[in-house]
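Everything on this sheet refers to the single structure shown next.
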Protein chains: 2
Amino acid sequence: MDISQLGEFGLIDKLTEDLKPANKTTVYGVGDDAAVLEYGNRCTLVTTDMLMEGVHFDLTYVPLKHLGYKSAIVNISDIYAMNGKPEQMTLSIALSKRFSVEDMQEFYDGVRLACSRHGVDLVGGDTTSSLTGLAISITCIGSANKEDIVYRNGAHNTDLICVSGNLGAAYMGLQLLEREKSVYYSTEHSDNEPFSPDFAGKEYLLERQLKPEARGDVLEELRKAGIRPTSMMDISDGLSSELLHICKQSGCGCAIYEERIPVDYQTAVMAEEFNMNVFTCALNGGEDYELLFTVPLTDFEKVSQIKDVKVIGHITNADQGHVLITKDGQQFDLKAQGWQSNLDK
Amino acid sequence: MDISQLGEFGLIDKLTEDLKPANKTTVYGVGDDAAVLEYGNRCTLVTTDMLMEGVHFDLTYVPLKHLGYKSAIVNISDIYAMNGKPEQMTLSIALSKRFSVEDMQEFYDGVRLACSRHGVDLVGGDTTSSLTGLAISITCIGSANKEDIVYRNGAHNTDLICVSGNLGAAYMGLQLLEREKSVYYSTEHSDNEPFSPDFAGKEYLLERQLKPEARGDVLEELRKAGIRPTSMMDISDGLSSELLHICKQSGCGCAIYEERIPVDYQTAVMAEEFNMNVFTCALNGGEDYELLFTVPLTDFEKVSQIKDVKVIGHITNADQGHVLITKDGQQFDLKAQGWQSNLDK
């Protein structure tokens with residue numbers, strides 16, 4: 001059977017079905033942002049990601065230091081998405097002959113910067129060679145008190161659906177980089193007239209794509225406000241796709257309001273320039289690494305006061321489906337269009 | 001600077017210098033078979049490996065189920081090498097279009113067989129695509145009481161140097177597979193006369209290469225005998241290379257006796273067929289995944305009674321160097337020739 005018939009999540013489901021834990025330290029395995037292991041009172045959280053050159057990143061426009069930073073952030077973000085504290089990281093890289101020691105130093109500088117910003121220790125890894133391109137695999141380990149861990153499966157009817165920051169910016173940053181790359185390859189340029197990409201006024205979009213942040217600060221705000229999310233995950237594949245994961249695992253439906261989805265001004269301008277619907281970008285664009293979470297309805301006042309968090313809708317019963325409500329009151333089914341373009345290559 | 005100037009270990013040293021732990025849960029980071037994290041009384045051990053098609057494995061002759069099994073064993077072995085109990089595993093794979101769902105199922109079957117044999121839970125991972133070939137990254141997590149963990153840096157003058165099983169067989173298995181592969185490509189064969197590789201009487205060597213075992217059973221024997229190794233690691237790169245790691249990290253020298261190095265009969269026969277020195281194979285051939293460890297001299301009686309363990313020499317003061325003593329009493333410097341052939345490609 002061709003793998004594209006099943007898709008990434010279908011393949012994972014098939015390969016991991018019937019996994020039964022053999023160790024009492026295994027509290028939760030496949031199916032959330034991170035696995036949960038228990039030693040004594042404090043739980044260990046483990047998450048891992050693999051990044052392949054040409055699939056997940058394009059070294060034509062991604063500096064190695066940014067790549068290192070982002071690779072680390074992607075994993076750190078998964079620990080935060082469990083309401084955990086990221087503490088350790090292992091980093092494996094496979095590289096082809098075209099990379100120098102200085103290249104790898106630059107990559108590591110990015111990883112180490114992300115680690116030091118989030119208080120993470122780099123504790124191991126593997127360095128090896130590849131026949132073509134660069135492959136990166138990162139595992140991040142965190143900890144949390146067992147009662148504080150937030151899974152994807154805890155959302156309940158009437159819970160409020162919240163997101164941090166704004167969405168779609170990383171996706172627009174990618175479109176911008178791809179456009180300038182194609183301009184670069186389609187025009188002639190010489191040493192006298194070096195190519196200068198047109199990024200003026202769009203620095204924020206580039207930063208969101210090349211140097212995203214993991215939102216540990218939002219967890220801190222929630223803790224201060226005395227709010228414990230009922231479910232949470234980070235947005236790596238796009239809001240629609242992630243929200244459907246939460247609904248599937250929590251056995252519920254959802255209703256979100258298009259006009260409430262937070263979008264940055266530059267994202268909107270860029271979408272117009274590309275003749276795209278900005279909300280489609282915000283719903284399906286990936287790599288924002290913002291937090292998507294649900295809180296009890298009774299926390300409405302408290303959560304509304306957190307500056308960088310927005311309530312975008314609410315959880316419903318499963319039979320009410322997964323609904324997007326537009327400004328003019330029309331209802332559409334949410335689709336997990338997600339950020340599959342790269343994965344399907 | 002070209003990476004080959006530094007070599008794998010030089011590169012790792014350079015990239016990981018000055019790493020200072022920020023979390024009190026980080027007991028030991030880079031530099032041993034696994035990192036050590038502490039939560040409560042019991043420590044968590046973490047190790048990771050990356051395997052790239054064309055570098056670490058050749059799908060011409062490695063069945064996917066065996067590849068899955070071996071990929072898991074390589075990591076499980078690192079946890080045993082810390083005297084720990086392997087408990088969880090994350091598995092990331094990046095695959096190109098030529099792989100089907102059935103292929104991946106086969107690979108997973110191998111991983112799951114290894115996990116179930118060693119009581120390990122598969123708790124997470126990442127499945128993604130690659131432009132060319134198959135890339136595998138596995139992280140294994142184990143646990144141990146803090147006082148039971150055995151590092152590479154605990155060997156002392158007069159300690160006995162021991163190895164489990166026998167050495168060089170996996171390397172000879174690889175030579176055999178490579179020979180039959182080149183015969184296959186250099187001769188004509190049709191559907192009427194299918195190619196049949198000449199493996200008769202050499203099944204053991206193939207098994208050692210394609211389906212190695214992790215020696216948790218040896219740890220069990222040591223525990224029963226009341227022996228706690230002073231230092232330990234698993235032999236993945238070759239005996240010489242690994243023993244030099246122990247000496248470097250323990251700040252000591254070593255003397256081993258060529259005639260005491262355990263070699264299987266088939267390994268010796270095959271070496272003769274290839275016109276190779278069997279002890280060179282045993283010293284430098286990698287992938288046996290046997291345990292190399294040191295025990296106090298006072299444990300000589302006890303360790304000699306363990307069936308599958310052999311004393312091959314002893315630890316000396318650093319100023320006495322790293323010495324191999326041949327049958328006729330000649331002394332040679334041990335060199336970390338290791339199993340670099342594949343890594344340097």
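A note on labels: chains of the structure tokens are A, B, ... as shown, every chain counts residues from 1, and ligands are counted from 1 in their shown order.
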Could you build a table of the residues in chain B lying no more than 6 Å from chain A, giving for each the nearest pair of atoms and their separation in Å rounded to one decimal place, using only C-alpha atoms, ordered by chain and ascending residue number, as CSV?
residue,atom,partner,partner_atom,distance
B:Met1,CA,A:Val101,CA,5.4
B:Asp2,CA,A:Ser100,CA,5.1
B:Ile3,CA,A:Val101,CA,5.2
B:Pro21,CA,A:Asp121,CA,5.4
B:Gly29,CA,A:Val123,CA,3.9
B:Val30,CA,A:Gly124,CA,4.5
B:Ala35,CA,A:Val123,CA,5.8
B:Gly40,CA,A:Gly40,CA,5.4
B:Thr48,CA,A:Gly125,CA,5.7
B:Asp49,CA,A:Asp126,CA,5.5
B:Ser100,CA,A:Asp2,CA,5.1
B:Val101,CA,A:Ile3,CA,5.2
B:Asp121,CA,A:Pro21,CA,5.5
B:Val123,CA,A:Gly29,CA,3.9
B:Gly124,CA,A:Val30,CA,4.5
B:Gly125,CA,A:Thr48,CA,5.7
B:Asp126,CA,A:Asp49,CA,5.5
B:Leu343,CA,A:Ser129,CA,6.0
**Message:** Need to verify the contact set: segment 317-323 of chain A, 9 Å, only C-alpha atoms, exclusion of same-chain residues closer than 5 positions in sequence. Can you return it as a list in words?
**Reply:**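 Here the answer would be His156, Asn157, Thr158, Leu243, Leu244, Cys247, Lys248, Gly251, Cys252, Gly253, Cys254, Ala255, Ile256, Tyr257, Gln331, Phe332, Asp333, Leu334 and Lys335 of chain A.
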**Request:** Quick one: pick out all helix (DSSP H, G or I) residues within segment 241-289 of chain B from a backbone DSSP run and write them as a ChimeraX atom specification.
**Result:** /B:241-250,258-260,265-273,278-284
**Item:** Atom pair atom CA of Asn275 of chain B / atom CA of Val309 of chain B: separation (Å)
**Value:**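 Here the two named atoms are 27.9 Å from each other.
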**Request:** Identify, on the basis of only C-alpha atoms, every residue whose closest approach to Gly238 of chain A does not exceed 10 Å; exclude the query and any residue fewer than 6 positions from it along the same chain; express the result as a list in words.
**Result:**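 After dropping sequence-adjacent residues, the list is Leu167, Gly168, Tyr171, Thr280, Cys281, Ala282, Leu283, Asn284, Gly285, Gly286, Glu287, Asp288, Tyr289, Glu290, Ala336, Gln337, Gly338, Trp339 and Gln340 of chain A.
The coordinates place atom CA of Val295 of chain B at 11.1 Å from atom CA of Gly226 of chain B.
Between Tyr204 of chain B and the residues B:Phe57, B:Phe293, B:Tyr265, B:Phe274, the shortest atom-to-atom distance, using only C-alpha atoms, involves B:Tyr265.
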**Request:** Might you pull out every residue within 6 Å of Gly68 of chain A, with only C-alpha atoms counted and same-chain residues fewer than 2 positions away left off, and present them as a PyMOL selection string?
**Result:** chain A and resi 65-66+70-71+107+110-111
Store the residues picked out above, limited to C-alpha atoms, as an mmCIF file, in the first residue's frame.
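The new file out-v4.cif reads:
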data_model
loop_
_atom_site.group_PDB
_atom_site.id
_atom_site.type_symbol
_atom_site.label_atom_id
_atom_site.label_comp_id
_atom_site.auth_asym_id
_atom_site.auth_seq_id
_atom_site.Cartn_x
_atom_site.Cartn_y
_atom_site.Cartn_z
ATOM 1 C CA LYS A 65 22.324 29.099 13.252
ATOM 2 C CA HIS A 66 18.610 29.790 12.749
ATOM 3 C CA LYS A 70 14.404 26.433 15.391
ATOM 4 C CA SER A 71 15.138 22.694 15.611
ATOM 5 C CA PHE A 107 24.285 25.079 13.859
ATOM 6 C CA GLY A 110 21.767 28.130 17.433
ATOM 7 C CA VAL A 111 20.812 25.001 19.375
#
**Request:** List every residue of segment 11-59 of chain A that DSSP, applied to the backbone of this structure, assigns to strand (DSSP E or B), and report them as a list in words.
**Result:**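 The residues of segment 11-59 of chain A classed as strand (DSSP E or B) are Thr26, Val27, Tyr28, Ala35, Val36, Leu37, Glu38, Tyr39, Arg42, Cys43, Thr44, Leu45, Val46, Thr47, Thr48, Asp49, Met50, Leu51, Met52, Glu53 and Phe57 of chain A.
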For Glu180 of chain B, please output as a PDB file with N, CA, C and O atoms, in the first residue's frame all residues within 12 Å (counting only C-alpha atoms; exclusion window: fewer than 6 positions along the same chain).
ATOM      1  N   THR B  60      20.288  -3.607   0.265  1.00  0.00           N
ATOM      2  CA  THR B  60      20.497  -4.700  -0.688  1.00  0.00           C
ATOM      3  C   THR B  60      20.449  -6.044   0.027  1.00  0.00           C
ATOM      4  O   THR B  60      19.929  -7.020  -0.482  1.00  0.00           O
ATOM      5  N   TYR B  61      21.038  -6.091   1.228  1.00  0.00           N
ATOM      6  CA  TYR B  61      21.065  -7.376   1.919  1.00  0.00           C
ATOM      7  C   TYR B  61      20.526  -7.341   3.342  1.00  0.00           C
ATOM      8  O   TYR B  61      20.541  -8.359   4.031  1.00  0.00           O
ATOM      9  N   GLY B 173      30.772 -11.035   9.329  1.00  0.00           N
ATOM     10  CA  GLY B 173      29.462 -11.162   8.677  1.00  0.00           C
ATOM     11  C   GLY B 173      29.264 -10.077   7.624  1.00  0.00           C
ATOM     12  O   GLY B 173      28.760 -10.331   6.527  1.00  0.00           O
ATOM     13  N   LEU B 174      29.707  -8.878   7.957  1.00  0.00           N
ATOM     14  CA  LEU B 174      29.590  -7.760   7.013  1.00  0.00           C
ATOM     15  C   LEU B 174      30.464  -7.998   5.775  1.00  0.00           C
ATOM     16  O   LEU B 174      30.036  -7.777   4.642  1.00  0.00           O
ATOM     17  N   SER B 186      28.471  -8.672 -10.181  1.00  0.00           N
ATOM     18  CA  SER B 186      29.485  -8.886 -11.216  1.00  0.00           C
ATOM     19  C   SER B 186      29.200 -10.117 -12.082  1.00  0.00           C
ATOM     20  O   SER B 186      29.907 -10.382 -13.034  1.00  0.00           O
ATOM     21  N   THR B 187      28.152 -10.878 -11.738  1.00  0.00           N
ATOM     22  CA  THR B 187      27.838 -12.057 -12.550  1.00  0.00           C
ATOM     23  C   THR B 187      26.452 -11.901 -13.164  1.00  0.00           C
ATOM     24  O   THR B 187      25.620 -11.143 -12.668  1.00  0.00           O
ATOM     25  N   PHE B 195      20.178 -16.131  -8.349  1.00  0.00           N
ATOM     26  CA  PHE B 195      21.435 -16.015  -7.610  1.00  0.00           C
ATOM     27  C   PHE B 195      21.270 -16.611  -6.214  1.00  0.00           C
ATOM     28  O   PHE B 195      20.311 -16.293  -5.514  1.00  0.00           O
ATOM     29  N   SER B 196      22.168 -17.505  -5.834  1.00  0.00           N
ATOM     30  CA  SER B 196      22.094 -17.980  -4.456  1.00  0.00           C
ATOM     31  C   SER B 196      23.427 -17.734  -3.767  1.00  0.00           C
ATOM     32  O   SER B 196      24.434 -18.323  -4.107  1.00  0.00           O
ATOM     33  N   PRO B 197      23.404 -16.803  -2.827  1.00  0.00           N
ATOM     34  CA  PRO B 197      24.644 -16.449  -2.141  1.00  0.00           C
ATOM     35  C   PRO B 197      25.195 -17.637  -1.362  1.00  0.00           C
ATOM     36  O   PRO B 197      24.441 -18.501  -0.912  1.00  0.00           O
ATOM     37  N   ASP B 198      26.498 -17.660  -1.197  1.00  0.00           N
ATOM     38  CA  ASP B 198      27.173 -18.775  -0.544  1.00  0.00           C
ATOM     39  C   ASP B 198      27.365 -18.481   0.948  1.00  0.00           C
ATOM     40  O   ASP B 198      28.373 -17.935   1.362  1.00  0.00           O
ATOM     41  N   PHE B 199      26.340 -18.849   1.738  1.00  0.00           N
ATOM     42  CA  PHE B 199      26.403 -18.566   3.164  1.00  0.00           C
ATOM     43  C   PHE B 199      26.501 -19.843   4.012  1.00  0.00           C
ATOM     44  O   PHE B 199      26.471 -19.771   5.235  1.00  0.00           O
ATOM     45  N   LEU B 206      26.401 -14.178   9.912  1.00  0.00           N
ATOM     46  CA  LEU B 206      25.312 -13.351   9.389  1.00  0.00           C
ATOM     47  C   LEU B 206      24.404 -12.867  10.508  1.00  0.00           C
ATOM     48  O   LEU B 206      24.006 -11.705  10.555  1.00  0.00           O
TER      49      LEU B 206
END
**Request:** Record the distance separating atom CA of Met233 of chain A and atom CA of Gln266 of chain A, expressed in Å with one decimal.
**Result:**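 Computed distance, atom CA of Met233 of chain A to atom CA of Gln266 of chain A, equals 25.2 Å.
The residue that comes closest to Thr298 of chain A, out of A:Gly154, A:Pro229, A:Pro262, A:Pro63 and on the basis of only C-alpha atoms, is A:Pro229.
In this comparison, which uses only C-alpha atoms, the residue of B:Cys140, B:Val150, B:Gly84, B:Lys202 approaching Ala271 of chain B most closely is B:Lys202.
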